[in-house]
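final.cif (mmCIF, C-alpha atoms)
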```cif
data_run
loop_
_atom_site.label_atom_id
_atom_site.label_comp_id
_atom_site.auth_asym_id
_atom_site.auth_seq_id
_atom_site.Cartn_x
_atom_site.Cartn_y
_atom_site.Cartn_z
CA MET A 1306 85.64 104.27 53.98
CA ALA A 1307 84.44 104.76 57.57
CA ASP A 1308 82.94 102.05 59.74
CA GLU A 1309 80.11 102.86 62.12
CA ILE A 1310 80.62 102.35 65.85
CA HIS A 1311 77.51 100.70 67.30
CA VAL A 1312 76.30 100.19 70.87
CA PRO A 1313 76.90 96.47 71.57
CA GLU A 1314 74.55 94.09 73.34
CA LEU A 1315 74.24 95.31 76.91
CA GLY A 1316 73.07 92.11 78.56
CA GLU A 1317 69.78 90.62 79.61
CA SER A 1318 67.12 93.13 80.72
CA VAL A 1319 69.39 96.11 79.88
CA ALA A 1320 67.91 98.10 76.98
CA ASP A 1321 69.87 101.35 77.00
CA ALA A 1322 72.99 103.01 78.34
CA THR A 1323 74.43 106.46 78.96
CA VAL A 1324 77.56 107.73 77.22
CA GLY A 1325 79.97 108.19 80.10
CA ARG A 1326 83.08 109.66 78.49
CA TRP A 1327 84.95 109.40 75.22
CA LEU A 1328 88.43 108.02 75.79
CA LYS A 1329 89.57 109.07 72.30
CA GLN A 1330 88.97 112.36 70.52
CA GLU A 1331 88.00 113.04 66.91
CA GLY A 1332 90.96 112.83 64.57
CA GLU A 1333 92.94 110.69 67.01
CA SER A 1334 94.60 107.52 65.75
CA VAL A 1335 93.57 104.27 67.45
CA SER A 1336 94.69 100.66 67.34
CA ALA A 1337 92.52 97.57 67.27
CA GLY A 1338 91.40 96.81 70.82
CA ASP A 1339 91.80 100.38 72.09
CA ALA A 1340 88.94 101.57 74.28
CA LEU A 1341 87.01 104.32 72.47
CA VAL A 1342 84.17 105.22 74.81
CA GLU A 1343 82.83 104.21 78.21
CA LEU A 1344 79.13 103.38 78.48
CA GLU A 1345 77.22 103.36 81.76
CA THR A 1346 74.30 101.03 82.42
CA ASP A 1347 72.12 100.48 85.47
CA LYS A 1348 74.48 97.81 86.75
CA ILE A 1349 77.96 98.12 85.25
CA ASN A 1350 80.18 100.34 83.13
CA PHE A 1351 81.99 98.91 80.13
CA GLU A 1352 84.16 100.11 77.27
CA VAL A 1353 83.52 99.90 73.53
CA GLU A 1354 86.73 98.96 71.72
CA ALA A 1355 88.01 99.69 68.21
CA GLU A 1356 87.60 96.70 65.90
CA HIS A 1357 90.56 97.70 63.74
CA ASP A 1358 93.34 100.27 63.41
CA GLY A 1359 92.19 103.63 62.19
CA VAL A 1360 91.21 107.19 63.03
CA LEU A 1361 88.20 108.22 65.11
CA GLU A 1362 86.46 110.16 62.36
CA SER A 1363 83.38 111.44 64.20
CA ILE A 1364 81.65 111.39 67.57
CA GLN A 1365 77.88 111.38 67.14
CA LYS A 1366 76.76 110.94 70.75
CA ALA A 1367 77.96 113.27 73.46
CA GLU A 1368 78.68 112.52 77.10
CA GLY A 1369 75.41 112.13 78.99
CA ASP A 1370 73.39 111.06 75.95
CA THR A 1371 71.17 107.99 76.29
CA VAL A 1372 71.80 105.34 73.62
CA THR A 1373 70.20 102.02 72.75
CA VAL A 1374 71.57 98.70 71.52
CA GLY A 1375 72.70 98.92 67.89
CA GLU A 1376 72.62 102.72 67.76
CA VAL A 1377 75.48 104.47 65.94
CA ILE A 1378 77.60 106.57 68.30
CA GLY A 1379 80.51 107.42 66.02
CA THR A 1380 82.56 106.41 62.98
CA LEU A 1381 86.03 104.94 62.57
CA ALA A 1382 87.99 105.64 59.39
CA GLU A 1383 90.60 103.37 57.84
CA ALA A 1384 94.13 103.73 59.14
CA ASN A 1385 95.75 104.07 55.70
CA GLY A 1386 94.28 107.51 55.12
CA ALA A 1387 94.36 110.77 56.95
CA ALA A 1388 91.29 112.05 58.73
CA PRO A 1389 88.92 113.98 56.43
CA GLN A 1390 89.76 117.33 57.92
CA GLN A 1391 93.46 116.66 57.50
CA GLU A 1392 93.09 115.78 53.82
CA GLU A 1393 91.08 118.90 52.99
CA THR A 1394 93.43 121.16 54.95
CA GLU A 1395 96.40 119.77 53.05
CA GLU A 1396 94.64 120.42 49.73
CA GLU A 1397 93.82 123.98 50.72
CA SER A 1398 97.36 124.74 51.90
CA SER A 1399 98.91 123.33 48.73
CA GLY A 1400 96.66 125.42 46.52
CA GLU A 1401 96.43 122.56 44.05
CA GLU A 1402 93.34 120.70 42.88
CA PRO A 1403 93.18 117.28 41.22
CA ALA A 1404 93.32 117.60 37.45
CA GLU A 1405 89.88 116.08 36.86
CA GLU A 1406 88.24 118.61 39.23
CA GLN A 1407 89.81 121.79 37.77
CA PRO A 1408 86.72 122.81 35.72
CA GLU A 1409 84.64 122.80 38.92
CA ALA A 1410 87.18 124.55 41.12
CA GLU A 1411 85.20 127.80 41.31
CA ALA A 1412 82.00 126.06 42.49
CA GLU A 1413 83.73 124.04 45.21
CA PRO A 1414 83.64 126.66 48.01
CA GLU A 1415 79.83 126.76 47.80
CA ALA A 1416 79.42 122.99 47.57
CA ARG A 1417 81.70 122.13 50.47
CA PRO A 1418 79.49 123.35 53.38
CA ALA A 1419 76.58 121.21 52.20
CA ALA A 1420 78.82 118.16 51.98
CA GLU A 1421 80.17 118.87 55.43
CA GLU A 1422 76.66 119.19 56.87
CA ALA A 1423 75.82 115.81 55.39
CA ASN A 1424 78.82 114.32 57.15
CA GLY A 1425 77.75 115.74 60.50
CA HIS A 1426 80.27 118.63 60.45
CA ARG A 1427 80.14 122.24 59.45
CA GLU A 1428 82.56 125.11 59.06
CA GLU A 1429 82.46 127.64 61.90
CA GLY A 1430 84.94 130.52 61.70
CA GLY A 1431 87.42 128.49 59.67
CA GLY A 1432 87.30 125.41 61.96
CA ARG A 1433 85.22 122.28 62.40
CA ALA A 1434 83.34 121.04 65.46
CA SER A 1435 81.77 117.69 66.25
CA PRO A 1436 78.10 117.42 67.25
CA SER A 1437 79.08 117.02 70.91
CA VAL A 1438 81.26 120.15 70.81
CA ARG A 1439 78.54 122.15 69.03
CA LYS A 1440 76.03 121.02 71.64
CA LEU A 1441 78.32 122.20 74.46
CA ALA A 1442 78.85 125.55 72.75
CA GLU A 1443 75.11 126.05 72.26
CA GLU A 1444 74.40 125.27 75.93
CA TYR A 1445 76.78 128.03 77.04
CA GLY A 1446 75.96 130.54 74.33
CA ILE A 1447 79.40 130.28 72.73
CA GLN A 1448 79.76 131.30 69.07
CA LEU A 1449 82.07 128.81 67.41
CA ALA A 1450 83.29 131.57 65.09
CA GLU A 1451 84.94 133.09 68.18
CA VAL A 1452 86.76 129.87 69.06
CA GLU A 1453 90.27 129.24 67.80
CA GLY A 1454 90.56 125.55 66.98
CA SER A 1455 93.61 123.70 68.24
CA GLY A 1456 92.87 120.43 66.45
CA SER A 1457 94.26 119.31 63.13
CA GLY A 1458 93.13 121.53 60.25
CA GLY A 1459 91.77 124.11 62.69
CA ARG A 1460 89.26 121.65 64.15
CA ILE A 1461 87.56 122.97 67.29
CA THR A 1462 87.87 120.54 70.20
CA ARG A 1463 85.94 120.27 73.44
CA ASP A 1464 88.96 121.69 75.30
CA ASP A 1465 88.87 124.79 73.08
CA VAL A 1466 85.24 125.48 73.96
CA GLU A 1467 85.71 124.77 77.67
CA ARG A 1468 88.70 127.12 77.74
CA LEU A 1469 86.58 129.95 76.32
CA ILE A 1470 83.79 129.17 78.78
CA ARG A 1471 86.23 129.56 81.66
CA GLN A 1472 87.62 132.79 80.24
CA GLN A 1473 84.13 134.27 79.95
CA GLY A 1474 83.26 133.18 83.47
CA ALA A 1475 80.31 131.01 82.42
CA THR A 1476 79.48 128.53 85.16
CA SER A 1477 76.28 126.99 83.90
CA ALA A 1478 74.20 126.75 80.78
CA PRO A 1479 72.27 129.95 79.99
CA GLU A 1480 68.66 130.15 80.90
CA LYS A 1481 66.16 129.38 78.18
CA PRO A 1482 63.80 132.26 77.31
CA ALA A 1483 60.34 132.13 78.79
CA GLU A 1484 58.00 130.08 76.63
CA PRO A 1485 54.36 131.09 76.15
CA GLU A 1486 51.76 128.83 77.67
CA ALA A 1487 48.59 127.67 75.97
CA ASP A 1488 46.71 130.82 77.06
CA GLY A 1489 49.35 133.01 75.42
CA LYS A 1490 50.85 134.33 78.65
CA ALA A 1491 54.57 134.09 79.07
CA GLN A 1492 55.76 131.49 81.52
CA GLN A 1493 57.94 133.00 84.23
CA PRO A 1494 61.45 131.54 84.55
CA ALA A 1495 62.16 129.46 87.61
CA PRO A 1496 63.80 131.42 90.46
CA GLN A 1497 67.56 130.99 90.65
CA PRO A 1498 69.14 129.47 93.77
CA ALA A 1499 70.49 131.98 96.24
CA ALA A 1500 73.96 130.48 95.84
CA GLN A 1501 74.23 132.09 92.40
CA ASN A 1502 74.29 135.56 93.97
CA GLY A 1503 78.04 135.94 94.01
CA ARG A 1504 78.76 132.34 95.02
CA ALA A 1505 78.56 130.55 91.68
CA ASP A 1506 82.36 130.41 91.50
CA LEU A 1507 82.33 128.36 94.72
CA GLU A 1508 80.01 125.71 93.28
CA GLU A 1509 80.88 122.63 91.28
CA ARG A 1510 78.42 120.72 89.10
CA VAL A 1511 79.12 117.02 88.64
CA ARG A 1512 77.05 114.81 86.37
CA VAL A 1513 75.32 112.05 88.33
CA SER A 1514 76.36 108.68 86.92
CA ARG A 1515 73.80 106.29 85.50
CA ARG A 1516 74.54 103.81 88.29
CA ARG A 1517 74.06 106.41 91.02
CA GLN A 1518 70.73 107.47 89.47
CA THR A 1519 69.59 103.85 89.39
CA ILE A 1520 70.70 103.24 92.98
CA ALA A 1521 68.71 106.28 94.09
CA GLN A 1522 65.64 105.21 92.15
CA ARG A 1523 65.66 101.67 93.51
CA LEU A 1524 66.22 102.76 97.09
CA VAL A 1525 63.18 105.00 96.85
CA GLU A 1526 61.18 102.18 95.23
CA SER A 1527 62.21 99.85 98.07
CA GLN A 1528 61.04 102.37 100.67
CA GLN A 1529 57.75 102.94 98.86
CA THR A 1530 57.00 99.27 98.09
CA ALA A 1531 57.95 97.23 101.14
CA ALA A 1532 56.51 97.53 104.63
CA MET A 1533 60.04 97.80 105.97
CA LEU A 1534 60.89 97.33 109.62
CA THR A 1535 64.21 96.81 111.42
CA THR A 1536 64.96 94.71 114.50
CA PHE A 1537 68.23 94.75 116.43
CA ASN A 1538 70.36 92.49 118.56
CA GLU A 1539 73.96 92.31 119.67
CA VAL A 1540 76.51 89.54 119.42
CA ASP A 1541 79.54 88.78 121.58
CA MET A 1542 82.49 88.37 119.21
CA THR A 1543 84.86 86.90 121.81
CA ALA A 1544 84.79 83.31 120.54
CA VAL A 1545 85.07 84.22 116.84
CA MET A 1546 87.93 86.63 117.47
CA ALA A 1547 89.81 84.07 119.56
CA LEU A 1548 89.34 81.38 116.91
CA ARG A 1549 90.40 83.75 114.15
CA LYS A 1550 93.51 84.79 116.06
CA ARG A 1551 94.55 81.17 116.51
CA ARG A 1552 93.81 80.00 112.99
CA LYS A 1553 94.14 82.92 110.56
CA GLU A 1554 97.82 82.37 109.67
CA SER A 1555 97.55 78.62 109.12
CA PHE A 1556 94.24 79.15 107.32
CA GLN A 1557 95.82 81.59 104.87
CA GLU A 1558 98.87 79.37 104.32
CA ARG A 1559 96.68 76.36 103.63
CA THR A 1560 93.94 77.97 101.52
CA GLY A 1561 95.42 81.22 100.24
CA ALA A 1562 92.38 83.09 101.57
CA ARG A 1563 92.31 85.59 104.41
CA LEU A 1564 90.07 84.51 107.29
CA GLY A 1565 87.75 87.43 107.98
CA PHE A 1566 84.44 87.83 109.78
CA MET A 1567 82.22 87.69 106.69
CA SER A 1568 82.51 83.91 106.29
CA PHE A 1569 81.32 83.38 109.87
CA PHE A 1570 78.28 85.59 109.34
CA ALA A 1571 77.59 84.07 105.92
CA LYS A 1572 77.55 80.59 107.43
CA ALA A 1573 75.44 81.79 110.36
CA ALA A 1574 72.99 83.50 107.98
CA ILE A 1575 72.59 80.30 105.96
CA GLY A 1576 71.85 78.34 109.14
CA ALA A 1577 69.25 80.93 110.15
CA LEU A 1578 67.72 81.00 106.65
CA LYS A 1579 67.21 77.24 106.80
CA ALA A 1580 65.44 77.63 110.14
CA TYR A 1581 63.31 80.56 108.91
CA PRO A 1582 62.68 79.94 105.17
CA LYS A 1583 60.40 82.99 104.70
CA VAL A 1584 63.45 85.21 105.15
CA ASN A 1585 64.87 83.60 101.98
CA ALA A 1586 61.76 84.25 99.93
CA GLU A 1587 60.35 86.63 97.32
CA LEU A 1588 56.84 88.05 97.07
CA GLN A 1589 55.41 87.76 93.55
CA GLY A 1590 51.88 89.09 93.41
CA ASN A 1591 49.74 86.88 95.63
CA GLU A 1592 52.37 84.13 95.84
CA LEU A 1593 55.34 83.73 98.12
CA VAL A 1594 58.30 82.03 96.41
CA LEU A 1595 60.34 80.10 98.98
CA LYS A 1596 63.89 79.60 97.68
CA HIS A 1597 65.76 76.50 98.75
CA TYR A 1598 69.08 77.75 97.43
CA TYR A 1599 71.28 80.35 99.04
CA ASP A 1600 72.82 83.02 96.82
CA LEU A 1601 74.19 85.63 99.19
CA GLY A 1602 74.57 89.25 98.06
CA VAL A 1603 77.49 91.05 99.68
CA ALA A 1604 77.39 94.86 99.59
CA VAL A 1605 80.61 96.43 98.27
CA SER A 1606 81.35 100.16 98.30
CA THR A 1607 82.84 101.65 95.11
CA ASP A 1608 83.57 105.19 93.94
CA GLU A 1609 80.28 105.22 91.99
CA GLY A 1610 78.13 103.81 94.77
CA LEU A 1611 77.16 100.59 96.47
CA VAL A 1612 76.96 97.40 94.40
CA VAL A 1613 75.83 93.97 95.57
CA PRO A 1614 77.63 91.12 93.79
CA VAL A 1615 76.39 87.62 94.56
CA VAL A 1616 78.16 84.56 96.00
CA ARG A 1617 76.33 81.64 94.37
CA ASP A 1618 75.39 78.49 96.31
CA ALA A 1619 77.04 79.79 99.47
CA ASP A 1620 75.64 76.86 101.46
CA ARG A 1621 77.84 74.48 99.44
CA LYS A 1622 81.01 76.50 99.90
CA SER A 1623 83.67 76.20 102.60
CA PHE A 1624 84.92 79.10 104.70
CA ALA A 1625 87.86 79.51 102.33
CA GLU A 1626 85.66 79.47 99.22
CA ILE A 1627 83.33 82.08 100.70
CA GLU A 1628 86.21 84.34 101.74
CA GLY A 1629 87.91 83.94 98.38
CA GLY A 1630 84.68 84.56 96.47
CA ILE A 1631 83.91 87.74 98.41
CA ALA A 1632 87.47 89.03 97.96
CA ASP A 1633 87.41 88.40 94.19
CA LEU A 1634 84.04 90.13 93.78
CA ALA A 1635 85.20 93.12 95.82
CA VAL A 1636 88.30 93.56 93.65
CA LYS A 1637 86.25 93.27 90.45
CA ALA A 1638 83.73 95.79 91.79
CA ARG A 1639 86.36 98.41 92.63
CA GLU A 1640 88.12 97.91 89.30
CA GLY A 1641 84.83 98.18 87.40
CA LYS A 1642 85.13 94.63 86.03
CA LEU A 1643 81.92 93.11 87.36
CA LYS A 1644 79.76 91.34 84.80
CA LEU A 1645 75.98 91.37 84.75
CA GLU A 1646 75.83 87.77 85.95
CA ASP A 1647 77.84 88.81 89.05
CA LEU A 1648 75.04 91.18 90.06
CA THR A 1649 71.85 89.34 89.12
CA GLY A 1650 69.87 87.15 91.47
CA GLY A 1651 70.63 86.96 95.15
CA THR A 1652 68.25 85.67 97.78
CA PHE A 1653 69.57 87.45 100.90
CA THR A 1654 72.06 90.29 101.42
CA ILE A 1655 74.71 91.05 104.05
CA THR A 1656 76.16 94.55 104.42
CA ASN A 1657 79.00 95.52 106.76
CA GLY A 1658 78.99 99.18 107.72
CA GLY A 1659 81.44 98.40 110.49
CA ILE A 1660 84.40 98.70 108.15
CA PHE A 1661 83.60 102.43 107.93
CA GLY A 1662 83.10 102.76 111.69
CA SER A 1663 79.30 102.56 111.75
CA LEU A 1664 78.03 101.54 115.18
CA LEU A 1665 74.36 101.15 114.24
CA SER A 1666 72.24 101.57 111.11
CA THR A 1667 69.02 100.46 109.43
CA PRO A 1668 69.92 98.92 106.04
CA ILE A 1669 67.47 99.22 103.13
CA LEU A 1670 66.16 96.12 101.35
CA THR A 1671 67.58 95.01 98.02
CA MET A 1672 64.34 94.36 96.14
CA PRO A 1673 62.85 91.85 95.47
CA GLN A 1674 64.56 90.29 98.51
CA VAL A 1675 62.61 90.50 101.75
CA ALA A 1676 65.45 90.89 104.28
CA ILE A 1677 68.97 92.25 104.69
CA LEU A 1678 71.46 91.76 107.54
CA GLY A 1679 73.54 94.70 108.73
CA MET A 1680 76.86 94.15 110.53
CA HIS A 1681 78.55 96.97 112.45
CA LYS A 1682 81.70 98.03 114.25
CA ILE A 1683 83.12 95.77 116.95
CA GLN A 1684 83.37 97.80 120.13
CA GLU A 1685 84.48 96.77 123.60
CA ARG A 1686 81.75 97.32 126.16
CA PRO A 1687 81.16 96.25 129.78
CA MET A 1688 78.87 93.22 129.84
CA VAL A 1689 77.46 91.19 132.71
CA VAL A 1690 78.65 87.57 132.25
CA ASP A 1691 77.69 84.98 134.91
CA GLY A 1692 76.98 87.75 137.42
CA GLU A 1693 80.26 89.58 136.82
CA VAL A 1694 81.09 92.60 134.73
CA GLU A 1695 83.53 91.86 131.92
CA VAL A 1696 84.79 93.84 128.96
CA ARG A 1697 83.67 92.07 125.79
CA PRO A 1698 84.00 92.86 122.06
CA MET A 1699 80.40 93.44 121.00
CA MET A 1700 78.73 94.05 117.64
CA TYR A 1701 75.24 95.36 116.99
CA LEU A 1702 73.31 93.46 114.33
CA ALA A 1703 70.36 94.87 112.38
CA LEU A 1704 67.82 92.93 110.32
CA SER A 1705 65.63 95.01 108.02
CA TYR A 1706 62.73 93.00 106.65
CA ASP A 1707 59.50 93.26 104.68
CA HIS A 1708 56.71 93.04 107.22
CA ARG A 1709 54.30 91.95 104.46
CA VAL A 1710 56.13 88.62 104.40
CA ILE A 1711 57.95 88.27 107.72
CA ASP A 1712 56.31 88.65 111.12
CA GLY A 1713 58.15 90.27 114.01
CA ALA A 1714 58.54 86.99 115.87
CA GLU A 1715 60.24 85.39 112.84
CA ALA A 1716 62.57 88.35 112.42
CA VAL A 1717 63.60 88.29 116.06
CA GLY A 1718 64.04 84.50 115.99
CA PHE A 1719 66.16 84.74 112.84
CA LEU A 1720 68.48 87.32 114.40
CA VAL A 1721 68.74 85.36 117.65
CA ARG A 1722 69.73 82.26 115.65
CA ILE A 1723 72.56 84.19 113.98
CA LYS A 1724 73.69 85.44 117.39
CA GLU A 1725 73.74 81.88 118.78
CA LEU A 1726 75.76 80.51 115.86
CA VAL A 1727 78.34 83.33 115.85
CA GLU A 1728 78.84 83.14 119.61
CA ASP A 1729 79.43 79.37 119.32
CA PRO A 1730 81.52 78.91 116.15
CA GLU A 1731 81.65 75.13 116.59
CA ALA A 1732 77.91 75.11 116.00
CA LEU A 1733 78.60 76.44 112.50
CA LEU A 1734 80.34 73.14 111.66
CA LEU A 1735 77.25 71.24 112.72
CA GLU A 1736 75.10 73.51 110.54
CA GLY A 1737 77.27 72.67 107.53
#
```
Represent the structure from my file as structure tokens, please.
Amino acid sequence: MADEIHVPELGESVADATVGRWLKQEGESVSAGDALVELETDKINFEVEAEHDGVLESIQKAEGDTVTVGEVIGTLAEANGAAPQQEETEEESSGEEPAEEQPEAEAEPEARPAAEEANGHREEGGGRASPSVRKLAEEYGIQLAEVEGSGSGGRITRDDVERLIRQQGATSAPEKPAEPEADGKAQQPAPQPAAQNGRADLEERVRVSRRRQTIAQRLVESQQTAAMLTTFNEVDMTAVMALRKRRKESFQERTGARLGFMSFFAKAAIGALKAYPKVNAELQGNELVLKHYYDLGVAVSTDEGLVVPVVRDADRKSFAEIEGGIADLAVKAREGKLKLEDLTGGTFTITNGGIFGSLLSTPILTMPQVAILGMHKIQERPMVVDGEVEVRPMMYLALSYDHRVIDGAEAVGFLVRIKELVEDPEALLLEG
């Protein structure tokens, strides 16, 4: 008896997911705890695991399909029996039928296709294909009768279809025929890109992940919703760099955390947020919600795009706790192990484009927050200090803010306060 594989609870405010990729194939044996399929949500990716030993009997949702909580995406057969296709193939090769079914042996060839359709499979040219494989074949105009199945019992796998697609030189799904409009006139097909004129073999089509689609959508929403403006300043990093050089080894030995620049800017941002509370607010309709807690979002770059995990109650944390918290969240983000609670909330965000060499940028707001601080590359420049020209390590700072909530004077004052605190690290202790 087969057990259905359901989409698990996805977390608060997450209603659906996209099937990323199946990690096991139909007919493949699995053990309890093995990852079967990867699901993508707006915030995180996670794996659905096998609840017991068995065989992945069927895949009912293909890669790229949208699924909802509780929906069936496949079935898992018991481990003590062979997969259905294996059992039937063995019966056919042996040429023997169970004694009680001998009177009906002649009718079986006609009855089998209907039974297979009911189970979500069908015979095509002597082999089987899952719904996802059939869907792929249909998209590329491949007749499954032409495909030689390499799976058990002649089952046609996704690799079999993709191999034939490559052999036939198909690079994209065939065009759909023109459909008649309401007035009966045929609708003209959309013009093909010029790149397909002899250059299709130089193109590569990659499915956009659910997270990347969501990032794109929310960035556009942020641009269209907020009256966004950016103000700039620069900070002399001489004092922080000197302090870090003196203390980083003893700091790491004592706390186990690496002393970076983020903790200094996090502490400075908290001091500035306390002085300018509107920067730590959220606009809800006709009300401005002033937040007297400080959950700092820290932008982290991953292979699938930028994520912003949150350091909770950063104002109550020491330098070591902030550094350790950021490091842990960054590792979890790059390993795809962030949980929904790591990404929700956040009252103010810091992003550091300097680690990639960015000298200046205008960061985009993380809605519904009303401001974001952008750090950049430290670069030595000639500066006039007490009437003399000196070479100093300088960093440009950018504050993007929602002008509906924050006035220009407040934004400038906020950024100046951060500059003052970073250039005088001892002042950060007084702020704490």
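Applied to the file shown here, the PyMOL selection byres ((chain A and resi 1309) around 7) selects Ala1307, Asp1308, Ile1310, His1311, Val1377, Gly1379, Thr1380 and Leu1381 of chain A.
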Same residues, C-alpha atoms, output as an mmCIF file, keeping the file's coordinate frame:
```
data_model
loop_
_atom_site.group_PDB
_atom_site.id
_atom_site.type_symbol
_atom_site.label_atom_id
_atom_site.label_comp_id
_atom_site.auth_asym_id
_atom_site.auth_seq_id
_atom_site.Cartn_x
_atom_site.Cartn_y
_atom_site.Cartn_z
ATOM 1 C CA ALA A 1307 84.440 104.760 57.570
ATOM 2 C CA ASP A 1308 82.940 102.050 59.740
ATOM 3 C CA ILE A 1310 80.620 102.350 65.850
ATOM 4 C CA HIS A 1311 77.510 100.700 67.300
ATOM 5 C CA VAL A 1377 75.480 104.470 65.940
ATOM 6 C CA GLY A 1379 80.510 107.420 66.020
ATOM 7 C CA THR A 1380 82.560 106.410 62.980
ATOM 8 C CA LEU A 1381 86.030 104.940 62.570
#
```
Q: Give as a VMD selection string the residues that the PyMOL selection byres ((chain A and resi 1618-1623) around 7) matches when applied to the coordinates above.
A: chain A and resid 1575 1598 to 1601 1616 to 1617 1624 to 1627
Q: Given the file shown, enumerate the residues that the PyMOL selection byres ((chain A and resi 1643-1651) around 12) captures and present them as JSON, numbers by chain.
A: {"A": [1314, 1315, 1316, 1317, 1318, 1319, 1346, 1347, 1348, 1349, 1350, 1351, 1585, 1586, 1587, 1596, 1598, 1599, 1600, 1601, 1602, 1603, 1604, 1605, 1607, 1611, 1612, 1613, 1614, 1615, 1616, 1617, 1618, 1619, 1630, 1631, 1633, 1634, 1635, 1636, 1637, 1638, 1639, 1640, 1641, 1642, 1652, 1653, 1654, 1655, 1670, 1671, 1672, 1673, 1674, 1675, 1676, 1677]}
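The space between atom CA of A:Val1710 and atom CA of A:Lys1579 spans 16.1 Å.
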Q: Counting only C-alpha atoms, select every polymer residue within 6 Å of (82.9, 107.3, 76.2) as defined in the file's coordinates, and provide the selection as a PyMOL selection string.
A: chain A and resi 1324-1328+1342-1344
I'd like the box whose edges run along x, y and z of the file and which contains every listed atom of stretch 1629-1632 of chain A, padded by 8 Å per side; could you state its centre and edge lengths in Å, one decimal, as lines of an AutoDock Vina configuration file?
```
center_x = 85.9
center_y = 86.5
center_z = 97.4
size_x = 20.0
size_y = 21.1
size_z = 17.9
```
Q: Skip A:His1681 itself and residues of its chain fewer than 4 positions away, then list as a PyMOL selection string all residues within 12 Å of it, counting all atoms listed in the file.
A: chain A and resi 1537-1540+1542+1566-1567+1570+1655-1668+1698-1704
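Of note, atom CA of A:Ala1562 and atom CA of A:Lys1724 are spaced 24.6 Å apart.
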Q.
From the options A:Gln1589, A:Thr1560, A:Ser1555, A:Thr1543, which residue's atoms come nearest to A:Glu1728, counting only C-alpha atoms?
A. A:Thr1543
**Q.** Protein, DNA and RNA residues within 12 Å of (70.7, 105.3, 88.1), all atoms listed in the file, as a PyMOL selection string
**A.** chain A and resi 1321-1323+1345-1350+1512-1525+1609-1612
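The spacing separating atom CA of A:Leu1361 from atom CA of A:Ser1336 amounts to 10.2 Å.
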Keeping N, CA and C atoms (and nothing else), can you write stretch 1533-1544 of chain A of this structure as a CSV table (one decimal), in the first residue's frame?
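What follows is the written file result.csv:
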```
chain,number,residue,atom,x,y,z
A,1533,MET,N,11.1,57.3,-1.9
A,1533,MET,CA,12.4,56.9,-1.5
A,1533,MET,C,13.4,58.0,-1.9
A,1534,LEU,N,14.3,58.3,-1.0
A,1534,LEU,CA,15.4,59.3,-1.2
A,1534,LEU,C,16.6,58.8,-0.5
A,1535,THR,N,17.8,59.2,-1.0
A,1535,THR,CA,19.0,58.7,-0.4
A,1535,THR,C,19.9,60.0,-0.1
A,1536,THR,N,20.5,60.0,1.1
A,1536,THR,CA,21.4,61.0,1.5
A,1536,THR,C,22.8,60.3,1.8
A,1537,PHE,N,23.9,61.0,1.6
A,1537,PHE,CA,25.2,60.5,1.7
A,1537,PHE,C,26.1,61.2,2.7
A,1538,ASN,N,27.0,60.5,3.2
A,1538,ASN,CA,28.1,61.1,4.1
A,1538,ASN,C,29.3,60.2,4.0
A,1539,GLU,N,30.4,60.6,4.6
A,1539,GLU,CA,31.6,59.8,4.6
A,1539,GLU,C,32.1,59.8,6.1
A,1540,VAL,N,32.7,58.6,6.4
A,1540,VAL,CA,33.2,58.5,7.7
A,1540,VAL,C,34.7,58.1,7.7
A,1541,ASP,N,35.5,58.7,8.6
A,1541,ASP,CA,36.9,58.4,8.7
A,1541,ASP,C,37.0,57.1,9.6
A,1542,MET,N,37.6,56.1,9.0
A,1542,MET,CA,37.7,54.8,9.7
A,1542,MET,C,39.0,54.6,10.5
A,1543,THR,N,39.8,55.7,10.6
A,1543,THR,CA,41.1,55.6,11.3
A,1543,THR,C,41.0,55.0,12.7
A,1544,ALA,N,40.1,55.6,13.5
A,1544,ALA,CA,40.0,55.2,14.9
A,1544,ALA,C,39.5,53.7,15.1
```
